[in-house]
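**Q** Supplied structure: entry_19.tsv, TSV, C-alpha atoms and all ligand atoms.
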```
chain	number	residue	atom	x	y	z
U	1	PRO	CA	5.42	-0.62	101.95
U	2	SER	CA	7.75	0.60	99.26
U	3	LYS	CA	10.01	3.58	99.68
U	4	CYS	CA	9.53	4.57	96.08
U	5	VAL	CA	8.31	8.10	95.82
U	6	SER	CA	5.51	8.68	93.39
U	7	ARG	CA	6.59	11.39	91.06
U	8	THR	CA	3.22	12.52	89.85
U	9	ASN	CA	0.41	11.63	92.20
U	10	GLN	CA	1.15	14.36	94.70
U	11	GLN	CA	1.22	17.14	92.21
U	12	GLN	CA	-1.36	16.50	89.55
U	13	ILE	CA	-1.96	19.76	87.85
U	14	ILE	CA	-5.69	20.16	87.43
U	15	ALA	CA	-5.43	22.61	84.56
U	16	ASN	CA	-7.24	20.24	82.21
U	17	PRO	CA	-9.66	17.76	83.75
U	18	TYR	CA	-9.13	15.29	80.88
U	19	ASN	CA	-5.43	14.94	81.46
U	20	PHE	CA	-3.77	12.74	84.03
U	21	SER	CA	-0.50	10.95	84.68
U	22	VAL	CA	0.16	7.36	85.60
U	23	ASP	CA	3.29	6.32	87.42
U	24	LEU	CA	4.67	2.88	86.60
U	25	HIS	CA	7.75	1.85	88.49
U	26	MET	CA	9.37	-1.07	90.25
U	27	PRO	CA	8.31	-1.31	93.89
U	28	GLY	CA	11.88	-1.16	95.24
U	29	VAL	CA	13.64	-4.24	93.93
U	30	ILE	CA	17.11	-5.72	94.22
U	31	PRO	CA	17.93	-7.89	91.22
U	32	THR	CA	19.80	-10.98	92.33
U	33	GLY	CA	22.07	-11.42	89.34
U	34	SER	CA	23.34	-9.65	86.27
U	35	ASP	CA	21.02	-9.80	83.27
U	36	THR	CA	17.89	-10.20	85.38
U	37	TYR	CA	14.55	-9.37	83.77
U	38	LEU	CA	11.88	-8.17	86.20
U	39	CYS	CA	8.27	-7.42	85.31
U	40	MET	CA	5.48	-5.64	87.13
U	41	ALA	CA	1.83	-5.27	86.08
U	42	PHE	CA	-0.38	-2.23	86.69
U	43	PRO	CA	-4.12	-2.07	86.02
U	44	VAL	CA	-5.08	0.57	83.49
U	45	PRO	CA	-6.57	3.12	85.90
U	46	THR	CA	-9.74	3.86	83.98
U	47	ARG	CA	-12.69	1.88	82.70
U	48	GLN	CA	-13.29	4.33	79.89
U	49	ASP	CA	-11.08	4.70	76.87
U	50	ALA	CA	-7.95	6.69	77.42
U	51	TYR	CA	-4.92	7.60	75.37
U	52	ILE	CA	-1.23	7.62	76.20
U	53	VAL	CA	0.21	10.74	74.65
U	54	ASP	CA	3.69	10.86	76.18
U	55	PHE	CA	6.21	8.67	78.00
U	56	ILE	CA	8.61	10.03	80.59
U	57	PRO	CA	11.32	7.51	81.52
U	58	LEU	CA	13.09	7.52	84.87
U	59	ALA	CA	15.69	4.78	84.97
U	60	SER	CA	18.83	4.26	87.00
U	61	MET	CA	21.51	4.71	84.38
U	62	ASP	CA	24.08	2.52	86.11
U	63	THR	CA	21.95	-0.64	86.29
U	64	VAL	CA	19.02	-0.51	83.87
U	65	HIS	CA	19.97	-1.82	80.45
U	66	HIS	CA	16.52	-1.46	78.92
U	67	MET	CA	12.84	-1.01	79.77
U	68	LEU	CA	9.86	-2.12	77.71
U	69	LEU	CA	6.19	-1.31	78.24
U	70	PHE	CA	3.53	-3.77	77.11
U	71	GLY	CA	-0.23	-3.81	77.23
U	72	CYS	CA	-2.26	-6.98	77.66
U	73	GLN	CA	-5.31	-8.57	79.23
U	74	THR	CA	-3.73	-11.25	81.46
U	75	PRO	CA	-0.29	-10.56	82.95
U	76	VAL	CA	1.63	-13.48	84.44
U	77	SER	CA	1.05	-11.93	87.89
U	78	THR	CA	-1.04	-9.05	89.17
U	79	HIS	CA	0.24	-9.13	92.76
U	80	SER	CA	3.86	-8.16	92.69
U	81	PHE	CA	6.87	-8.11	90.44
U	82	TRP	CA	8.16	-11.35	88.94
U	83	ASP	CA	11.17	-12.70	87.10
U	84	CYS	CA	10.22	-12.47	83.43
U	85	GLY	CA	13.33	-13.81	81.76
U	86	SER	CA	12.87	-16.44	79.11
U	87	VAL	CA	10.86	-18.86	81.29
U	88	GLN	CA	7.85	-16.95	82.60
U	89	GLY	CA	7.37	-14.15	80.12
U	90	THR	CA	5.13	-11.14	80.47
U	91	CYS	CA	1.52	-12.12	79.72
U	92	GLU	CA	-0.58	-15.28	79.40
U	93	ASP	CA	-2.24	-13.82	76.34
U	94	GLU	CA	-0.59	-11.82	73.62
U	95	ALA	CA	1.33	-8.77	74.75
U	96	ALA	CA	1.56	-5.62	72.69
U	97	ILE	CA	4.67	-3.50	72.93
U	98	MET	CA	4.12	0.24	73.29
U	99	TYR	CA	7.40	1.73	74.38
U	100	ALA	CA	11.07	0.89	74.57
U	101	TRP	CA	13.75	2.72	76.49
U	102	ALA	CA	17.33	1.62	76.10
U	103	ARG	CA	20.40	3.07	77.73
U	104	ASN	CA	22.33	5.41	75.45
U	105	ALA	CA	19.49	5.79	72.96
U	106	PRO	CA	17.27	8.87	72.63
U	107	PRO	CA	13.68	8.19	73.82
U	108	THR	CA	10.79	8.14	71.32
U	109	LYS	CA	8.21	10.89	71.32
U	110	LEU	CA	4.71	10.42	69.90
U	111	PRO	CA	3.79	12.98	67.25
U	112	LYS	CA	1.19	15.62	68.10
U	113	ASP	CA	-2.46	14.42	68.09
U	114	VAL	CA	-1.33	10.77	68.33
U	115	GLY	CA	-2.07	8.46	71.27
U	116	PHE	CA	-1.98	4.78	72.16
U	117	LYS	CA	-5.54	3.78	72.98
U	118	VAL	CA	-5.96	1.77	76.18
U	119	GLY	CA	-8.81	0.76	78.45
U	120	ARG	CA	-12.17	-0.84	78.04
U	121	SER	CA	-12.86	-1.04	74.29
U	122	SER	CA	-9.25	-1.67	73.33
U	123	GLY	CA	-9.17	-4.89	75.37
U	124	MET	CA	-6.06	-3.73	77.14
U	125	SER	CA	-6.58	-3.72	80.85
U	126	TYR	CA	-3.02	-3.99	82.19
U	127	PHE	CA	0.29	-2.34	81.61
U	128	VAL	CA	3.33	-4.54	82.07
U	129	LEU	CA	6.67	-2.89	82.70
U	130	GLN	CA	9.71	-5.03	81.93
U	131	ILE	CA	13.13	-3.95	83.15
U	132	HIS	CA	16.38	-5.60	82.12
U	133	TYR	CA	18.97	-5.04	84.83
U	134	GLY	CA	22.37	-5.43	83.19
U	135	ASP	CA	25.36	-4.81	85.41
U	136	ILE	CA	24.18	-5.06	89.02
U	137	SER	CA	27.42	-4.09	90.76
U	138	ALA	CA	25.73	-0.83	91.80
U	139	PHE	CA	23.48	-2.88	94.11
U	140	LYS	CA	26.39	-3.76	96.43
U	141	ASP	CA	25.10	-1.06	98.77
U	142	HIS	CA	21.71	-2.91	99.01
U	143	HIS	CA	19.68	0.03	97.80
U	144	LYS	CA	16.33	-0.71	96.14
U	145	ASP	CA	15.46	0.22	92.61
U	146	CYS	CA	12.34	2.09	91.58
U	147	SER	CA	13.03	2.62	87.90
U	148	GLY	CA	10.09	2.98	85.57
U	149	LEU	CA	8.19	5.57	83.65
U	150	THR	CA	5.39	8.07	83.84
U	151	LEU	CA	2.63	8.02	81.26
U	152	ARG	CA	0.95	11.26	80.30
U	153	MET	CA	-2.63	10.33	79.49
U	154	THR	CA	-5.85	11.94	78.38
U	155	SER	CA	-9.44	10.78	78.14
U	156	ARG	CA	-10.00	13.13	75.22
U	157	PRO	CA	-10.23	11.18	71.94
U	158	GLN	CA	-7.18	11.74	69.75
U	159	PRO	CA	-7.40	12.33	66.00
U	160	PHE	CA	-4.82	9.59	65.36
U	161	ILE	CA	-4.10	6.39	67.20
U	162	ALA	CA	-0.66	4.88	67.51
U	163	GLY	CA	-0.09	1.25	66.60
U	164	ILE	CA	2.54	-1.39	66.03
U	165	TYR	CA	3.11	-3.53	62.98
U	166	LEU	CA	5.48	-6.41	63.80
U	167	LEU	CA	7.31	-8.37	61.13
U	168	MET	CA	8.88	-11.50	62.58
U	169	SER	CA	10.47	-14.66	61.30
U	170	VAL	CA	9.24	-17.89	62.83
U	171	ASP	CA	11.23	-20.45	60.89
U	172	THR	CA	14.78	-19.25	60.39
U	173	VAL	CA	17.59	-21.75	61.02
U	174	ILE	CA	21.16	-20.47	61.25
U	175	LEU	CA	23.76	-23.06	60.32
U	176	PRO	CA	26.93	-23.21	62.44
U	177	GLY	CA	29.90	-21.57	60.77
U	178	LYS	CA	27.87	-20.19	57.86
U	179	ARG	CA	28.91	-16.59	57.41
U	180	VAL	CA	25.56	-15.11	56.27
U	181	THR	CA	21.96	-16.21	56.79
U	182	ASP	CA	19.15	-13.91	55.64
U	183	ALA	CA	15.78	-14.14	57.39
U	184	ASP	CA	13.19	-12.63	55.05
U	185	VAL	CA	9.62	-11.70	55.99
U	186	ALA	CA	7.02	-10.02	53.77
U	187	CYS	CA	3.26	-9.47	53.66
U	188	ASP	CA	0.81	-7.65	51.42
U	189	TYR	CA	-0.75	-4.69	53.16
U	190	THR	CA	-4.52	-4.61	52.73
U	191	SER	CA	-5.81	-2.08	55.22
U	192	TYR	CA	-6.29	1.65	55.74
U	193	PRO	CA	-3.23	3.90	55.39
U	194	ILE	CA	-0.63	3.91	58.15
U	195	TYR	CA	2.09	6.48	58.72
U	196	PRO	CA	5.25	4.94	60.21
U	197	PHE	CA	7.20	7.27	62.50
U	198	ALA	CA	9.52	4.95	64.44
U	199	PHE	CA	10.98	1.47	64.15
U	200	ARG	CA	12.74	-1.02	66.40
U	201	THR	CA	14.83	-4.04	65.58
U	202	HIS	CA	15.35	-7.08	67.76
U	203	THR	CA	17.59	-10.12	67.43
U	204	HIS	CA	19.87	-11.83	69.91
U	205	ARG	CA	23.67	-12.08	69.55
U	206	LEU	CA	23.93	-13.35	65.96
U	207	GLY	CA	22.01	-10.49	64.31
U	208	LYS	CA	24.12	-8.03	62.28
U	209	VAL	CA	21.60	-5.71	60.62
U	210	VAL	CA	17.81	-5.57	60.30
U	211	SER	CA	16.07	-3.52	57.60
U	212	GLY	CA	12.41	-2.80	56.84
U	213	TYR	CA	10.88	-1.63	53.57
U	214	ARG	CA	7.70	-0.61	51.85
U	215	ILE	CA	7.37	-2.00	48.33
U	216	ARG	CA	5.07	-0.03	46.04
U	217	ASP	CA	4.85	-0.71	42.30
U	218	GLY	CA	8.03	-2.77	42.55
U	219	LYS	CA	9.99	0.05	44.19
U	220	TRP	CA	11.65	-0.63	47.58
U	221	THR	CA	11.63	2.31	50.01
U	222	LEU	CA	13.50	2.08	53.31
U	223	ILE	CA	11.46	2.52	56.50
U	224	GLY	CA	14.43	1.92	58.77
U	225	ARG	CA	17.67	0.01	59.14
U	226	GLN	CA	19.62	-0.60	62.33
U	227	SER	CA	22.09	-2.90	64.00
U	228	PRO	CA	20.30	-4.97	66.65
U	229	GLN	CA	23.57	-4.85	68.61
U	230	LEU	CA	22.96	-1.13	69.26
U	231	PRO	CA	20.45	-0.18	71.99
U	232	GLN	CA	17.11	-1.70	70.92
U	233	ALA	CA	15.01	1.44	71.22
U	234	PHE	CA	12.51	2.86	68.74
U	235	TYR	CA	14.43	5.04	66.30
U	236	PRO	CA	12.89	7.65	63.99
U	237	ALA	CA	11.61	6.11	60.75
U	238	ASN	CA	12.46	7.39	57.32
U	239	LYS	CA	10.11	10.36	56.88
U	240	GLN	CA	7.20	10.51	54.47
U	241	VAL	CA	6.91	6.78	53.89
U	242	ASN	CA	3.24	5.89	54.22
U	243	VAL	CA	1.80	2.45	53.68
U	244	LYS	CA	-1.50	1.90	51.93
U	245	TYR	CA	-3.69	-0.83	50.49
U	246	GLY	CA	-1.79	-2.74	47.81
U	247	ASP	CA	1.71	-2.10	49.20
U	248	THR	CA	3.95	-4.85	50.54
U	249	LEU	CA	5.87	-4.63	53.83
U	250	ALA	CA	9.14	-6.51	53.97
U	251	ALA	CA	12.01	-7.00	56.38
U	252	ARG	CA	15.34	-8.79	56.33
U	253	CYS	CA	17.48	-9.82	59.31
U	254	VAL	CA	21.07	-10.72	58.52
U	255	PHE	CA	22.62	-13.30	60.86
U	256	THR	CA	26.01	-14.94	61.10
U	257	GLY	CA	26.63	-18.49	62.28
U	258	GLU	CA	30.32	-17.80	62.76
U	259	GLY	CA	31.65	-19.08	66.06
U	260	LYS	CA	28.69	-21.44	66.55
U	261	THR	CA	29.03	-25.22	66.71
U	262	SER	CA	25.33	-26.11	66.45
U	263	LYS	CA	22.24	-24.95	64.60
U	264	THR	CA	20.43	-21.89	65.98
U	265	TYR	CA	16.63	-21.72	65.88
U	266	ILE	CA	14.03	-19.06	66.64
U	267	GLY	CA	13.21	-19.21	70.35
U	268	GLY	CA	13.02	-17.48	73.68
U	269	THR	CA	16.45	-18.00	75.25
U	270	SER	CA	19.62	-16.05	74.63
U	271	ASP	CA	21.06	-19.09	72.82
U	272	ASP	CA	18.13	-18.96	70.39
U	273	GLU	CA	17.56	-16.18	67.92
U	274	MET	CA	14.75	-13.83	66.95
U	275	CYS	CA	14.19	-11.67	63.89
U	276	ASN	CA	11.88	-8.74	64.59
U	277	PHE	CA	11.20	-5.47	62.80
U	278	TYR	CA	8.65	-3.31	64.63
U	279	ILE	CA	7.00	-0.37	62.89
U	280	MET	CA	5.36	2.21	65.13
U	281	TYR	CA	2.77	4.09	63.11
U	282	TYR	CA	-0.18	6.39	63.44
U	283	MET	CA	-3.49	5.95	61.73
U	284	ASP	CA	-6.73	7.89	61.45
U	285	SER	CA	-8.65	6.99	64.61
U	286	ARG	CA	-11.87	6.40	62.62
U	287	HIS	CA	-10.50	3.05	61.45
U	288	ALA	CA	-8.04	2.37	64.21
U	289	ILE	CA	-6.16	-0.92	64.02
U	290	PRO	CA	-3.63	-0.88	66.85
U	291	TYR	CA	-1.73	-4.13	66.21
U	292	MET	CA	-0.85	-6.00	63.07
U	293	ASN	CA	1.77	-8.58	62.32
U	294	CYS	CA	3.42	-10.45	59.51
U	295	MET	CA	5.02	-13.86	59.87
U	296	GLU	CA	5.17	-14.93	56.23
U	297	MET	CA	8.48	-15.85	54.71
U	298	GLY	CA	8.86	-13.58	51.67
U	299	SER	CA	9.26	-15.12	48.24
U	300	GLU	CA	12.72	-15.54	46.84
U	301	GLU	CA	11.63	-13.75	43.66
U	302	LEU	CA	10.52	-10.69	45.69
U	303	PHE	CA	13.74	-10.52	47.70
U	304	GLN	CA	15.87	-10.61	44.57
U	305	HIS	CA	15.10	-6.90	44.37
U	306	ILE	CA	15.98	-5.89	47.96
U	307	PRO	CA	18.47	-2.98	48.01
U	308	THR	CA	22.05	-4.12	48.68
U	309	GLU	CA	22.26	-1.89	51.79
U	310	ALA	CA	20.17	-4.54	53.59
U	311	ASN	CA	23.28	-6.72	53.72
U	312	VAL	CA	25.75	-3.98	54.62
U	313	PRO	CA	26.78	-4.26	58.28
U	314	ILE	CA	26.36	-1.25	60.55
U	315	LYS	CA	29.30	-0.17	62.70
U	316	VAL	CA	28.68	-0.65	66.39
Q	1	LIG	C1	9.54	-15.37	68.64
Q	1	LIG	C2	9.78	-13.88	68.57
Q	1	LIG	O1	10.35	-13.39	67.61
Q	1	LIG	N1	9.33	-13.16	69.61
Q	1	LIG	C3	9.52	-11.70	69.61
Q	1	LIG	C4	8.37	-11.02	68.97
Q	1	LIG	C5	7.13	-10.96	69.76
Q	1	LIG	C6	6.82	-9.83	70.45
Q	1	LIG	C7	5.65	-9.72	71.13
Q	1	LIG	C8	6.24	-12.03	69.79
Q	1	LIG	C9	5.05	-11.93	70.46
Q	1	LIG	C10	4.72	-10.77	71.17
Q	1	LIG	O2	3.55	-10.65	71.87
Q	1	LIG	I1	5.26	-7.96	72.07
Q	1	LIG	I2	3.72	-13.50	70.47
Q	1	LIG	C11	9.87	-11.19	71.00
Q	1	LIG	O3	9.60	-11.84	71.98
Q	1	LIG	N2	10.49	-10.00	71.03
Q	1	LIG	C12	11.02	-9.38	72.23
Q	1	LIG	C13	10.03	-8.99	73.31
Q	1	LIG	O4	9.18	-10.00	73.68
Q	1	LIG	C14	9.21	-7.80	72.97
Q	1	LIG	C15	11.67	-8.08	71.84
Q	1	LIG	O5	12.45	-7.56	72.64
Q	1	LIG	O6	11.42	-7.57	70.74
Q	2	CU	CU	18.52	-4.92	77.87
Q	3	CU	CU	14.26	-12.06	71.61
```
Write out the structure in this file as structure tokens.

**A**
Amino acid sequence: PSKCVSRTNQQQIIANPYNFSVDLHMPGVIPTGSDTYLCMAFPVPTRQDAYIVDFIPLASMDTVHHMLLFGCQTPVSTHSFWDCGSVQGTCEDEAAIMYAWARNAPPTKLPKDVGFKVGRSSGMSYFVLQIHYGDISAFKDHHKDCSGLTLRMTSRPQPFIAGIYLLMSVDTVILPGKRVTDADVACDYTSYPIYPFAFRTHTHRLGKVVSGYRIRDGKWTLIGRQSPQLPQAFYPANKQVNVKYGDTLAARCVFTGEGKTSKTYIGGTSDDEMCNFYIMYYMDSRHAIPYMNCMEMGSEELFQHIPTEANVPIKV
């Protein structure tokens, strides 16, 4: 039996019968080394559709480097927590990211009337919480960690659903010693309008800056730009940039091969690299599409027109 105290279950306020909270936290763990990734799956507690409308993080600031929340159908384990570093991963099927908390970054809030749809019809039956324990010296006293987050949920349909559009490179190769390698990704957008409100960048150690754009009538408009060496949370997107049928979405990751003695490829370990630009958006719930992605390498001709800021490093 875990000593973790549930923060919500004892005091559910029954003011609105549609609203409820779900507590997701580690069951009292002691990571065995620095830079351990632990995962824990939780069944979505309702068979009907439900919406996440708010995230309330509760993480031990001295040990938790970051927390991610995913949704999927088939987690690697449903019994207890597991080591989900590069070998095992989070889910057998595709995982969808819904939330990122990183130390020293402000947490993301969903806009009003916006919710992530989970449950039966969304094909998302489990939450998976991933926690990266960084420096574990605070565990010398053998205490157990119960970090995690509380989800505020409602069964009331929301006017807008939240979703994620992921741009990722699958084929970048970074040559050793080469000062700059650009990984470019771009796709035509051919769906209903989306309204980006947050973005997240992800690379490993060689990434310098990652930028995402909407291209409309040849004009590049910034959605967000960040150093992946800063906490990899969702940051507020450039306001008033919507994306509609006929636009193009594009992202560039700038890498350096300086200090490397061999080629670096895209892959799962910390010696590999990744190039990810996540757009968190909302969309009219009548034509809700919660996950989209783009893995096409943009054309050289298109990227001739990328604003020069995309290659300007960000101070960390
Ligand atoms: C090869 C690669 O770039 N992997 C990324 C993007 C990715 C995310 C999810 C790929 C798939 C997913 O289901 I969610 I398939 C990647 O692994 N990124 C990590 C986490 O897995 C989310 C990151 O921190 O952004
Ligand atoms: Cu981390
Ligand atoms: Cu990665």

**Q** From the set U:Phe255, U:Tyr278, U:Trp220, U:Tyr245, which residue has the shortest atom-to-atom contact distance to ligand LIG 1 (chain Q), counting all atoms listed in the file?

**A**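 Of the candidates, the smallest distance to ligand LIG 1 (chain Q) is held by U:Tyr278.
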
**Q** Any residue with an atom at most 6 Å from ligand LIG 1 (chain Q) counts, using only C-alpha atoms and all ligand atoms. Which are they? Put them as number ranges by chain.

**A** U: 94-97, 168, 202, 267, 274-276

**Q** Which chains and residue numbers are within 7 Å of ligand CU 2 (chain Q), counting only C-alpha atoms and all ligand atoms, if I want them as an MDAnalysis selection string?

**A** chainID U and resid 65:66 102 132:134

**Q** Any idea what the distance is between atom CA of His204 of chain U and atom CA of Pro107 of chain U?

**A**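 We find that atom CA of His204 of chain U and atom CA of Pro107 of chain U lie 21.3 Å from each other.
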
**Q** Counting all atoms listed in the file, what residues are within 12 Å of ligand CU 3 (chain Q), given as a ChimeraX atom specification?

**A** /U:85-86,89,168-170,201-207,228,232,265-277

**Q** From the set U:Ser80, U:Ser147, U:Asn16, U:Thr221, which residue has the shortest atom-to-atom contact distance to Leu58 of chain U, counting all atoms listed in the file?

**A**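 Of all the options, U:Ser147 lies closest to Leu58 of chain U.
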
**Q** So the first atom is atom CA of Asp23 of chain U and the second is atom CA of Asp284 of chain U; what is the distance between them in Å, to one decimal place?

**A**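 Rounded to one decimal, the two atoms are 27.9 Å apart.
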
**Q** Which residue out of U:Lys109, U:Arg152, U:Lys208, U:Arg252 has the minimum interatomic distance to Glu296 of chain U when only C-alpha atoms are used?

**A**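 Of U:Lys109, U:Arg152, U:Lys208, U:Arg252, the one nearest Glu296 of chain U is U:Arg252, counting only C-alpha atoms.
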
**Q** Choose the residue, out of U:Gln48, U:Thr36, U:Thr154, U:Thr78, that has the smallest atom-to-atom separation from Ser21 of chain U; count all atoms listed in the file.

**A** U:Thr154

**Q** Neighbouring residues of Phe116 of chain U were defined as those with any atom within 10 Å, considering only C-alpha atoms; residues of the same chain fewer than 4 positions away were excluded. Please report them as number ranges by chain.

**A** U: 50-54, 98, 110, 122, 153, 158, 160-164, 282, 290

**Q** Do you have the atom CA of Leu166 of chain U-atom CA of Ser34 of chain U distance handy?

**A**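 Computed distance, atom CA of Leu166 of chain U to atom CA of Ser34 of chain U, equals 28.9 Å.
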
**Q** Select, from U:Val114, U:Met292, U:Ala310, U:Ala41, the residue with the minimum atom-to-atom distance to Arg156 of chain U, counting all atoms listed in the file.

**A**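 Under the stated criterion, the closest residue is U:Val114.
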
**Q** Can you work out which one of U:Asn104, U:Thr264, U:Ser191, U:Asn238 has the shortest atom-to-atom distance to Leu175 of chain U, counting all atoms listed in the file?

**A**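 Comparing U:Asn104, U:Thr264, U:Ser191, U:Asn238 against Leu175 of chain U, the winner is U:Thr264.
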
**Q** What lies within 10 Å of segment 70-76 of chain U using all atoms listed in the file, ignoring chain neighbours under 6 positions off, as a PDB file with C-alpha atoms, in the frame of the given file?

**A**
```pdb
ATOM      1  CA  CYS U  39       8.270  -7.420  85.310  1.00  0.00           C
ATOM      2  CA  MET U  40       5.480  -5.640  87.130  1.00  0.00           C
ATOM      3  CA  ALA U  41       1.830  -5.270  86.080  1.00  0.00           C
ATOM      4  CA  PHE U  42      -0.380  -2.230  86.690  1.00  0.00           C
ATOM      5  CA  PRO U  43      -4.120  -2.070  86.020  1.00  0.00           C
ATOM      6  CA  VAL U  44      -5.080   0.570  83.490  1.00  0.00           C
ATOM      7  CA  TRP U  82       8.160 -11.350  88.940  1.00  0.00           C
ATOM      8  CA  ASP U  83      11.170 -12.700  87.100  1.00  0.00           C
ATOM      9  CA  CYS U  84      10.220 -12.470  83.430  1.00  0.00           C
ATOM     10  CA  GLN U  88       7.850 -16.950  82.600  1.00  0.00           C
ATOM     11  CA  GLY U  89       7.370 -14.150  80.120  1.00  0.00           C
ATOM     12  CA  THR U  90       5.130 -11.140  80.470  1.00  0.00           C
ATOM     13  CA  CYS U  91       1.520 -12.120  79.720  1.00  0.00           C
ATOM     14  CA  GLU U  92      -0.580 -15.280  79.400  1.00  0.00           C
ATOM     15  CA  ASP U  93      -2.240 -13.820  76.340  1.00  0.00           C
ATOM     16  CA  GLU U  94      -0.590 -11.820  73.620  1.00  0.00           C
ATOM     17  CA  ALA U  95       1.330  -8.770  74.750  1.00  0.00           C
ATOM     18  CA  ALA U  96       1.560  -5.620  72.690  1.00  0.00           C
ATOM     19  CA  ILE U  97       4.670  -3.500  72.930  1.00  0.00           C
ATOM     20  CA  MET U  98       4.120   0.240  73.290  1.00  0.00           C
ATOM     21  CA  TYR U  99       7.400   1.730  74.380  1.00  0.00           C
ATOM     22  CA  ALA U 100      11.070   0.890  74.570  1.00  0.00           C
ATOM     23  CA  VAL U 118      -5.960   1.770  76.180  1.00  0.00           C
ATOM     24  CA  GLY U 119      -8.810   0.760  78.450  1.00  0.00           C
ATOM     25  CA  SER U 122      -9.250  -1.670  73.330  1.00  0.00           C
ATOM     26  CA  GLY U 123      -9.170  -4.890  75.370  1.00  0.00           C
ATOM     27  CA  MET U 124      -6.060  -3.730  77.140  1.00  0.00           C
ATOM     28  CA  SER U 125      -6.580  -3.720  80.850  1.00  0.00           C
ATOM     29  CA  TYR U 126      -3.020  -3.990  82.190  1.00  0.00           C
ATOM     30  CA  PHE U 127       0.290  -2.340  81.610  1.00  0.00           C
ATOM     31  CA  VAL U 128       3.330  -4.540  82.070  1.00  0.00           C
ATOM     32  CA  LEU U 129       6.670  -2.890  82.700  1.00  0.00           C
ATOM     33  CA  GLN U 130       9.710  -5.030  81.930  1.00  0.00           C
TER      34      GLN U 130
END
```

**Q** Fewer than 3 positions away in the same chain doesn't count, so skip those; otherwise give me all residues within 8 Å of Gly224 of chain U, counting only C-alpha atoms, as a PyMOL selection string.

**A** chain U and resi 199+211-213+236-238

**Q** Given the selection you just returned, output its residues as a file containing C-alpha atoms, formatted as a PDB file, in the frame of the given file.

**A**
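The new file part37.pdb reads:
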```pdb
ATOM      1  CA  PHE U 199      10.980   1.470  64.150  1.00  0.00           C
ATOM      2  CA  SER U 211      16.070  -3.520  57.600  1.00  0.00           C
ATOM      3  CA  GLY U 212      12.410  -2.800  56.840  1.00  0.00           C
ATOM      4  CA  TYR U 213      10.880  -1.630  53.570  1.00  0.00           C
ATOM      5  CA  PRO U 236      12.890   7.650  63.990  1.00  0.00           C
ATOM      6  CA  ALA U 237      11.610   6.110  60.750  1.00  0.00           C
ATOM      7  CA  ASN U 238      12.460   7.390  57.320  1.00  0.00           C
TER       8      ASN U 238
END
```

**Q** I'd like the contact shell of Leu302 of chain U - 10 Å cut-off, only C-alpha atoms, skipping same-chain residues fewer than 2 positions apart - returned as a list in words.

**A** Asp184, Ala186, Ile215, Gly218, Ala250, Gly298, Ser299, Glu300, Gln304, His305 and Ile306 of chain U

**Q** Excluding Val29 of chain U and residues on its chain fewer than 6 positions from it, collect all residues at most 9 Å away from it, counting only C-alpha atoms, and give them as number ranges by chain.

**A** U: 38, 81, 143-146

**Q** Find the axis-aligned box for segment 35-54 of chain U, covering all its listed atoms and adding 8 Å on each side, and write its centre and edge lengths in Å to one decimal as AutoDock Vina command-line options.

**A**
```
--center_x 3.9 --center_y 0.3 --center_z 80.9 --size_x 50.3 --size_y 37.1 --size_z 28.5
```

**Q** Because the input lacks atoms here, generate N, CA and C atoms for segment 229-239 of chain U and report them as a PDB file, in the coordinates of the input.

**A**
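What ended up in rebuild_4.pdb:
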```
ATOM      1  N   GLN U 229      22.571  -4.862  67.524  1.00  0.00           N
ATOM      2  CA  GLN U 229      23.570  -4.850  68.610  1.00  0.00           C
ATOM      3  C   GLN U 229      23.670  -3.459  69.252  1.00  0.00           C
ATOM      4  N   LEU U 230      23.054  -2.449  68.625  1.00  0.00           N
ATOM      5  CA  LEU U 230      22.960  -1.130  69.260  1.00  0.00           C
ATOM      6  C   LEU U 230      21.749  -1.161  70.198  1.00  0.00           C
ATOM      7  N   PRO U 231      21.607  -0.152  71.083  1.00  0.00           N
ATOM      8  CA  PRO U 231      20.450  -0.180  71.990  1.00  0.00           C
ATOM      9  C   PRO U 231      19.138  -0.373  71.218  1.00  0.00           C
ATOM     10  N   GLN U 232      18.319  -1.342  71.682  1.00  0.00           N
ATOM     11  CA  GLN U 232      17.110  -1.700  70.920  1.00  0.00           C
ATOM     12  C   GLN U 232      15.934  -0.805  71.303  1.00  0.00           C
ATOM     13  N   ALA U 233      16.080   0.470  70.977  1.00  0.00           N
ATOM     14  CA  ALA U 233      15.010   1.440  71.220  1.00  0.00           C
ATOM     15  C   ALA U 233      14.214   1.606  69.927  1.00  0.00           C
ATOM     16  N   PHE U 234      13.182   2.432  69.977  1.00  0.00           N
ATOM     17  CA  PHE U 234      12.510   2.860  68.740  1.00  0.00           C
ATOM     18  C   PHE U 234      13.278   4.053  68.194  1.00  0.00           C
ATOM     19  N   TYR U 235      13.711   3.952  66.968  1.00  0.00           N
ATOM     20  CA  TYR U 235      14.430   5.040  66.300  1.00  0.00           C
ATOM     21  C   TYR U 235      13.495   5.702  65.295  1.00  0.00           C
ATOM     22  N   PRO U 236      13.758   6.976  64.963  1.00  0.00           N
ATOM     23  CA  PRO U 236      12.890   7.650  63.990  1.00  0.00           C
ATOM     24  C   PRO U 236      12.902   6.928  62.639  1.00  0.00           C
ATOM     25  N   ALA U 237      11.723   6.758  62.060  1.00  0.00           N
ATOM     26  CA  ALA U 237      11.610   6.110  60.750  1.00  0.00           C
ATOM     27  C   ALA U 237      11.933   7.129  59.660  1.00  0.00           C
ATOM     28  N   ASN U 238      12.286   6.584  58.511  1.00  0.00           N
ATOM     29  CA  ASN U 238      12.460   7.390  57.320  1.00  0.00           C
ATOM     30  C   ASN U 238      11.167   8.198  57.102  1.00  0.00           C
ATOM     31  N   LYS U 239      11.304   9.503  56.951  1.00  0.00           N
ATOM     32  CA  LYS U 239      10.110  10.360  56.880  1.00  0.00           C
ATOM     33  C   LYS U 239       9.335  10.166  55.579  1.00  0.00           C
TER      34      LYS U 239
END
```
